[in-house]
Structures are given as structure tokens and as C-alpha cells.
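Colleague: Hey, dropping start16.pdb in here, PDB, C-alpha atoms:
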ATOM      1  CA  MET A   1     -85.960  18.598  72.054  1.00  0.00           C
ATOM      2  CA  SER A   2     -83.869  21.187  73.840  1.00  0.00           C
ATOM      3  CA  LEU A   3     -80.484  22.830  73.471  1.00  0.00           C
ATOM      4  CA  THR A   4     -77.443  23.188  75.686  1.00  0.00           C
ATOM      5  CA  LEU A   5     -74.012  24.743  75.387  1.00  0.00           C
ATOM      6  CA  ALA A   6     -70.911  22.601  75.640  1.00  0.00           C
ATOM      7  CA  ILE A   7     -67.300  23.725  75.495  1.00  0.00           C
ATOM      8  CA  ILE A   8     -64.318  21.511  74.837  1.00  0.00           C
ATOM      9  CA  LYS A   9     -61.728  23.201  77.035  1.00  0.00           C
ATOM     10  CA  PRO A  10     -58.091  24.066  76.208  1.00  0.00           C
ATOM     11  CA  ASP A  11     -56.660  20.954  77.876  1.00  0.00           C
ATOM     12  CA  ALA A  12     -58.683  18.578  75.716  1.00  0.00           C
ATOM     13  CA  VAL A  13     -58.093  20.600  72.531  1.00  0.00           C
ATOM     14  CA  ALA A  14     -54.320  20.730  73.170  1.00  0.00           C
ATOM     15  CA  SER A  15     -54.108  16.990  73.829  1.00  0.00           C
ATOM     16  CA  GLY A  16     -55.950  16.107  70.609  1.00  0.00           C
ATOM     17  CA  LYS A  17     -59.144  14.829  72.233  1.00  0.00           C
ATOM     18  CA  THR A  18     -61.606  17.087  70.378  1.00  0.00           C
ATOM     19  CA  GLY A  19     -62.631  14.492  67.796  1.00  0.00           C
ATOM     20  CA  ALA A  20     -63.016  11.729  70.370  1.00  0.00           C
ATOM     21  CA  ILE A  21     -65.189  13.956  72.567  1.00  0.00           C
ATOM     22  CA  LEU A  22     -67.374  14.984  69.606  1.00  0.00           C
ATOM     23  CA  ALA A  23     -67.784  11.333  68.597  1.00  0.00           C
ATOM     24  CA  HIS A  24     -68.618  10.405  72.195  1.00  0.00           C
ATOM     25  CA  LEU A  25     -71.327  13.078  72.359  1.00  0.00           C
ATOM     26  CA  GLU A  26     -72.839  12.074  69.026  1.00  0.00           C
ATOM     27  CA  GLY A  27     -72.763   8.448  70.166  1.00  0.00           C
ATOM     28  CA  ALA A  28     -74.657   9.511  73.288  1.00  0.00           C
ATOM     29  CA  GLY A  29     -77.448  10.873  71.079  1.00  0.00           C
ATOM     30  CA  PHE A  30     -76.601  14.578  70.903  1.00  0.00           C
ATOM     31  CA  ARG A  31     -76.891  16.456  67.621  1.00  0.00           C
ATOM     32  CA  ILE A  32     -74.319  19.185  67.034  1.00  0.00           C
ATOM     33  CA  ARG A  33     -76.213  22.269  65.847  1.00  0.00           C
ATOM     34  CA  CYS A  34     -73.447  24.933  65.925  1.00  0.00           C
ATOM     35  CA  LEU A  35     -69.718  24.556  66.482  1.00  0.00           C
ATOM     36  CA  ARG A  36     -66.614  26.694  66.195  1.00  0.00           C
ATOM     37  CA  MET A  37     -63.054  26.861  67.424  1.00  0.00           C
ATOM     38  CA  THR A  38     -62.060  30.116  69.093  1.00  0.00           C
ATOM     39  CA  ARG A  39     -59.765  31.536  71.716  1.00  0.00           C
ATOM     40  CA  LEU A  40     -61.136  33.630  74.568  1.00  0.00           C
ATOM     41  CA  SER A  41     -59.553  36.887  75.633  1.00  0.00           C
ATOM     42  CA  ARG A  42     -59.155  37.516  79.354  1.00  0.00           C
ATOM     43  CA  THR A  43     -62.095  39.963  79.187  1.00  0.00           C
ATOM     44  CA  GLN A  44     -64.325  37.406  77.460  1.00  0.00           C
ATOM     45  CA  ALA A  45     -63.418  34.591  79.871  1.00  0.00           C
ATOM     46  CA  ALA A  46     -63.964  36.856  82.884  1.00  0.00           C
ATOM     47  CA  ALA A  47     -67.373  37.852  81.509  1.00  0.00           C
ATOM     48  CA  PHE A  48     -68.389  34.265  80.766  1.00  0.00           C
ATOM     49  CA  TYR A  49     -67.397  33.065  84.250  1.00  0.00           C
ATOM     50  CA  ALA A  50     -68.520  36.247  86.071  1.00  0.00           C
ATOM     51  CA  VAL A  51     -70.766  34.179  88.348  1.00  0.00           C
ATOM     52  CA  HIS A  52     -67.562  32.803  89.910  1.00  0.00           C
ATOM     53  CA  ARG A  53     -65.831  36.198  90.295  1.00  0.00           C
ATOM     54  CA  GLU A  54     -65.740  36.000  94.113  1.00  0.00           C
ATOM     55  CA  ARG A  55     -64.609  32.375  94.232  1.00  0.00           C
ATOM     56  CA  PRO A  56     -60.954  31.613  95.017  1.00  0.00           C
ATOM     57  CA  PHE A  57     -60.464  29.720  91.734  1.00  0.00           C
ATOM     58  CA  PHE A  58     -61.722  32.546  89.472  1.00  0.00           C
ATOM     59  CA  ASP A  59     -58.313  33.872  88.353  1.00  0.00           C
ATOM     60  CA  SER A  60     -56.910  30.417  87.651  1.00  0.00           C
ATOM     61  CA  LEU A  61     -60.107  29.488  85.760  1.00  0.00           C
ATOM     62  CA  VAL A  62     -59.824  32.586  83.567  1.00  0.00           C
ATOM     63  CA  ALA A  63     -56.109  31.920  82.980  1.00  0.00           C
ATOM     64  CA  PHE A  64     -56.843  28.310  82.043  1.00  0.00           C
ATOM     65  CA  MET A  65     -59.729  29.165  79.706  1.00  0.00           C
ATOM     66  CA  THR A  66     -57.521  31.689  77.860  1.00  0.00           C
ATOM     67  CA  SER A  67     -54.514  29.345  77.629  1.00  0.00           C
ATOM     68  CA  GLY A  68     -55.475  27.921  74.247  1.00  0.00           C
ATOM     69  CA  PRO A  69     -58.277  27.324  71.773  1.00  0.00           C
ATOM     70  CA  ILE A  70     -61.686  26.094  72.892  1.00  0.00           C
ATOM     71  CA  VAL A  71     -64.542  24.516  70.949  1.00  0.00           C
ATOM     72  CA  PRO A  72     -67.947  25.858  72.007  1.00  0.00           C
ATOM     73  CA  MET A  73     -70.969  24.123  70.517  1.00  0.00           C
ATOM     74  CA  VAL A  74     -74.730  23.976  70.683  1.00  0.00           C
ATOM     75  CA  LEU A  75     -76.037  20.472  71.302  1.00  0.00           C
ATOM     76  CA  GLU A  76     -79.586  19.259  70.838  1.00  0.00           C
ATOM     77  CA  ALA A  77     -81.277  16.341  72.578  1.00  0.00           C
ATOM     78  CA  GLU A  78     -84.324  15.535  74.627  1.00  0.00           C
ATOM     79  CA  ASP A  79     -83.670  17.108  78.057  1.00  0.00           C
ATOM     80  CA  ALA A  80     -80.311  18.301  76.733  1.00  0.00           C
ATOM     81  CA  VAL A  81     -78.982  19.966  79.900  1.00  0.00           C
ATOM     82  CA  PRO A  82     -79.445  17.085  82.362  1.00  0.00           C
ATOM     83  CA  ARG A  83     -78.504  14.492  79.749  1.00  0.00           C
ATOM     84  CA  PHE A  84     -75.307  16.374  78.925  1.00  0.00           C
ATOM     85  CA  ARG A  85     -74.427  16.735  82.614  1.00  0.00           C
ATOM     86  CA  GLU A  86     -74.856  12.977  82.955  1.00  0.00           C
ATOM     87  CA  ALA A  87     -72.787  12.287  79.813  1.00  0.00           C
ATOM     88  CA  ILE A  88     -69.835  14.387  81.006  1.00  0.00           C
ATOM     89  CA  GLY A  89     -69.748  13.114  84.591  1.00  0.00           C
ATOM     90  CA  ALA A  90     -68.622  14.728  87.829  1.00  0.00           C
ATOM     91  CA  THR A  91     -66.342  17.779  87.755  1.00  0.00           C
ATOM     92  CA  ASN A  92     -63.601  15.714  89.368  1.00  0.00           C
ATOM     93  CA  PRO A  93     -62.750  12.941  86.892  1.00  0.00           C
ATOM     94  CA  ALA A  94     -61.747  10.688  89.801  1.00  0.00           C
ATOM     95  CA  GLU A  95     -65.421  10.820  90.867  1.00  0.00           C
ATOM     96  CA  ALA A  96     -66.906  10.645  87.352  1.00  0.00           C
ATOM     97  CA  ALA A  97     -68.813   7.521  86.365  1.00  0.00           C
ATOM     98  CA  PRO A  98     -66.958   5.141  84.032  1.00  0.00           C
ATOM     99  CA  GLY A  99     -67.531   5.916  80.372  1.00  0.00           C
ATOM    100  CA  THR A 100     -68.323   9.603  80.917  1.00  0.00           C
ATOM    101  CA  VAL A 101     -66.402  12.277  79.041  1.00  0.00           C
ATOM    102  CA  ARG A 102     -64.507  13.418  82.134  1.00  0.00           C
ATOM    103  CA  ALA A 103     -63.670   9.874  83.250  1.00  0.00           C
ATOM    104  CA  LEU A 104     -62.259   9.199  79.787  1.00  0.00           C
ATOM    105  CA  TYR A 105     -60.626  12.501  78.818  1.00  0.00           C
ATOM    106  CA  ALA A 106     -60.144  14.882  81.779  1.00  0.00           C
ATOM    107  CA  GLU A 107     -56.759  15.414  83.411  1.00  0.00           C
ATOM    108  CA  SER A 108     -57.906  16.751  86.791  1.00  0.00           C
ATOM    109  CA  LYS A 109     -60.687  18.599  88.567  1.00  0.00           C
ATOM    110  CA  GLU A 110     -59.306  21.874  87.192  1.00  0.00           C
ATOM    111  CA  ARG A 111     -58.461  20.560  83.719  1.00  0.00           C
ATOM    112  CA  ASN A 112     -61.675  18.625  83.234  1.00  0.00           C
ATOM    113  CA  ALA A 113     -61.994  18.632  79.422  1.00  0.00           C
ATOM    114  CA  VAL A 114     -65.489  20.114  79.041  1.00  0.00           C
ATOM    115  CA  HIS A 115     -67.885  22.764  80.273  1.00  0.00           C
ATOM    116  CA  GLY A 116     -71.623  22.203  80.295  1.00  0.00           C
ATOM    117  CA  SER A 117     -74.528  24.501  81.060  1.00  0.00           C
ATOM    118  CA  ASP A 118     -76.127  23.780  84.430  1.00  0.00           C
ATOM    119  CA  SER A 119     -79.702  24.839  83.619  1.00  0.00           C
ATOM    120  CA  ASP A 120     -81.921  25.618  80.646  1.00  0.00           C
ATOM    121  CA  ALA A 121     -81.814  29.332  81.530  1.00  0.00           C
ATOM    122  CA  ASN A 122     -78.008  29.355  81.666  1.00  0.00           C
ATOM    123  CA  ALA A 123     -77.824  27.312  78.466  1.00  0.00           C
ATOM    124  CA  ALA A 124     -79.753  30.048  76.647  1.00  0.00           C
ATOM    125  CA  LEU A 125     -77.468  32.756  78.048  1.00  0.00           C
ATOM    126  CA  GLU A 126     -74.312  30.797  77.271  1.00  0.00           C
ATOM    127  CA  ILE A 127     -75.424  29.980  73.724  1.00  0.00           C
ATOM    128  CA  ASP A 128     -76.076  33.703  73.207  1.00  0.00           C
ATOM    129  CA  PHE A 129     -72.565  34.456  74.516  1.00  0.00           C
ATOM    130  CA  PHE A 130     -70.840  32.357  71.847  1.00  0.00           C
ATOM    131  CA  PHE A 131     -73.182  32.386  68.869  1.00  0.00           C
ATOM    132  CA  SER A 132     -74.644  35.325  66.944  1.00  0.00           C
ATOM    133  CA  ARG A 133     -78.344  35.992  66.571  1.00  0.00           C
ATOM    134  CA  HIS A 134     -78.105  34.837  62.955  1.00  0.00           C
ATOM    135  CA  GLU A 135     -76.508  31.525  63.989  1.00  0.00           C
ATOM    136  CA  ARG A 136     -79.076  30.975  66.744  1.00  0.00           C
ATOM    137  CA  LEU A 137     -81.968  31.656  64.369  1.00  0.00           C
ATOM    138  CA  ALA A 138     -80.499  29.243  61.825  1.00  0.00           C
ATOM    139  CA  VAL A 139     -80.344  26.535  64.503  1.00  0.00           C
ATOM    140  CA  ARG A 140     -83.944  27.153  65.519  1.00  0.00           C
ATOM    141  CA  ALA A 141     -85.074  27.087  61.875  1.00  0.00           C
ATOM    142  CA  ARG A 142     -83.340  23.730  61.291  1.00  0.00           C
ATOM    143  CA  VAL A 143     -84.877  22.272  64.450  1.00  0.00           C
ATOM    144  CA  LEU A 144     -88.364  23.498  63.522  1.00  0.00           C
ATOM    145  CA  ALA A 145     -88.048  22.334  59.898  1.00  0.00           C
ATOM    146  CA  ARG A 146     -87.078  18.864  61.029  1.00  0.00           C
ATOM    147  CA  GLY A 147     -90.202  18.537  63.159  1.00  0.00           C
ATOM    148  CA  PRO A 148     -90.644  16.179  66.071  1.00  0.00           C
ATOM    149  CA  SER A 149     -88.204  13.329  66.471  1.00  0.00           C
ATOM    150  CA  PRO A 150     -89.476   9.825  65.822  1.00  0.00           C
ATOM    151  CA  PRO A 151     -90.501   7.891  68.966  1.00  0.00           C
TER     152      PRO A 151
END
Render the structure in this file as C-alpha cells.
Modeller:
Amino acid sequence: MSLTLAIIKPDAVASGKTGAILAHLEGAGFRIRCLRMTRLSRTQAAAFYAVHRERPFFDSLVAFMTSGPIVPMVLEAEDAVPRFREAIGATNPAEAAPGTVRALYAESKERNAVHGSDSDANAALEIDFFFSRHERLAVRARVLARGPSPP
């Protein structure tokens, strides 16, 4: 089992799609291990998306991600990162496979409902960004206490 970070973005929170997205993810076999609702400051959003600082969409991305509450969460599943990327679909909802989160709930390429880590290494960094050491240790303890998943 592995972990990934997911974020329900301001567009989906504002339009009341949080519960439907959570249910969709649980239905796809993900276990929610940590979850909170928060609102990013401009400094926090700029730090989180620093890898995109030189890209033309950086300022609009930061503005969007600070426009309302978000719901970051830690998800657990076998091969969590690639499975989550598959479950959410292409960045552009017009190109997302039917039944994926973005095909169902995203408004546009820019307002695409969810963020997902793109690698195991980035998932670890992103989880650390949103969740305290205490919260991360509690997640790991629960995962270890549960033991291996049944076949």
C-alpha cells in the first residue's frame, strides 16, 4: 500500500462537489487517511506550486488556489499515485476518460476540481506540506497496525 496527496480545489468545494468526489474516490478503492478543509494564503500557494514559478499560468494558478477553501487529503491504495492519476483523468476535462473525477466534476482545464501528486517522491513532499509530523506518524501507525491488505 502507498500514499498520495489529493486536493479538492476551490471550484469543486464552492460548487458543492466535495462529498461526491470523496465518495467517488472511496468507491474507486482509496482509503482516506487524513483530511482537512483549509484556505491557502498567497505565500503558501506560491510555495506549494513553486515548481511552476516560471510558467505563464503561475500567477493565475496561485490566485485560483487562494480563491476559496480547499480540501487536502492523504489517500492510501496499492500504487496510490498512478491509480489516483487514472481515477482523476486528464487535466483537461474535455480529454478525461468518462467516469473520471475531472470528466464528472471539473469545469475547465484551469478549474479542474482536483490536484494529485505526480510521483511517489512528490507525494511525500506534498503530504508533508499539508500535514504535521504528528498527523503523518498517526497515519503510518494506523497503516502498520492494520497489516497487509487481504488478497
Colleague: Quick one: of A:Lys109, A:Thr38, A:Ala103, A:Val71, who's nearest to A:Phe57, counting all atoms listed in the file?
Modeller: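 Smallest separation from A:Phe57 among the options: A:Lys109.
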Colleague: Using all atoms listed in the file, which of the listed residues (A:Arg36, A:His134, A:Arg31, A:Lys17) sits closest to A:Phe84?
Modeller: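 Counting all atoms listed in the file, the residue closest to A:Phe84 is A:Arg31.
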Colleague: Specify as a PyMOL selection string each residue included when the PyMOL selection byres ((chain A and resi 35) around 8) is applied to this file.
Modeller: chain A and resi 32-34+36-37+71-74
Colleague: Rank nothing, just name the residue among A:Ser108, A:Ala113, A:Phe130, A:Ala77 nearest to A:Gly27, using only C-alpha atoms.
Modeller: A:Ala77
Colleague: What does the distance between atom CA of A:Thr43 and atom CA of A:Thr4 come to in Å, to one decimal place?
Modeller: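 Atom CA of A:Thr43 sits 23.0 Å away from atom CA of A:Thr4.
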Colleague: Can you list what the PyMOL selection byres ((chain A and resi 87-102) around 12) grabs from this structure, as a VMD selection string?
Modeller: chain A and resid 6 to 9 11 to 12 17 to 18 20 to 30 77 80 to 86 103 to 118
Colleague: So what do you get for atom CA of A:Arg42 versus atom CA of A:Leu75, distance-wise?
Modeller: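 Taking atom CA of A:Arg42 and atom CA of A:Leu75, their separation equals 25.3 Å.
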Colleague: What separation in Å, quoted to one decimal, exists between atom CA of A:Ser2 and atom CA of A:Ser132?
Modeller: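 We find that atom CA of A:Ser2 and atom CA of A:Ser132 lie 18.2 Å from each other.
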Colleague: Could you tell me which residues the PyMOL selection byres ((chain A and resi 64) around 10) grabs in this file, written as JSON, numbers by chain?
Modeller: {"A": [9, 10, 11, 42, 45, 58, 59, 60, 61, 62, 63, 65, 66, 67, 68, 110, 111]}
Colleague: Quick one: of A:Ala138, A:Ala47, A:Val13, A:Ile70, who's nearest to A:Glu126, counting only C-alpha atoms?
Modeller: A:Ala47
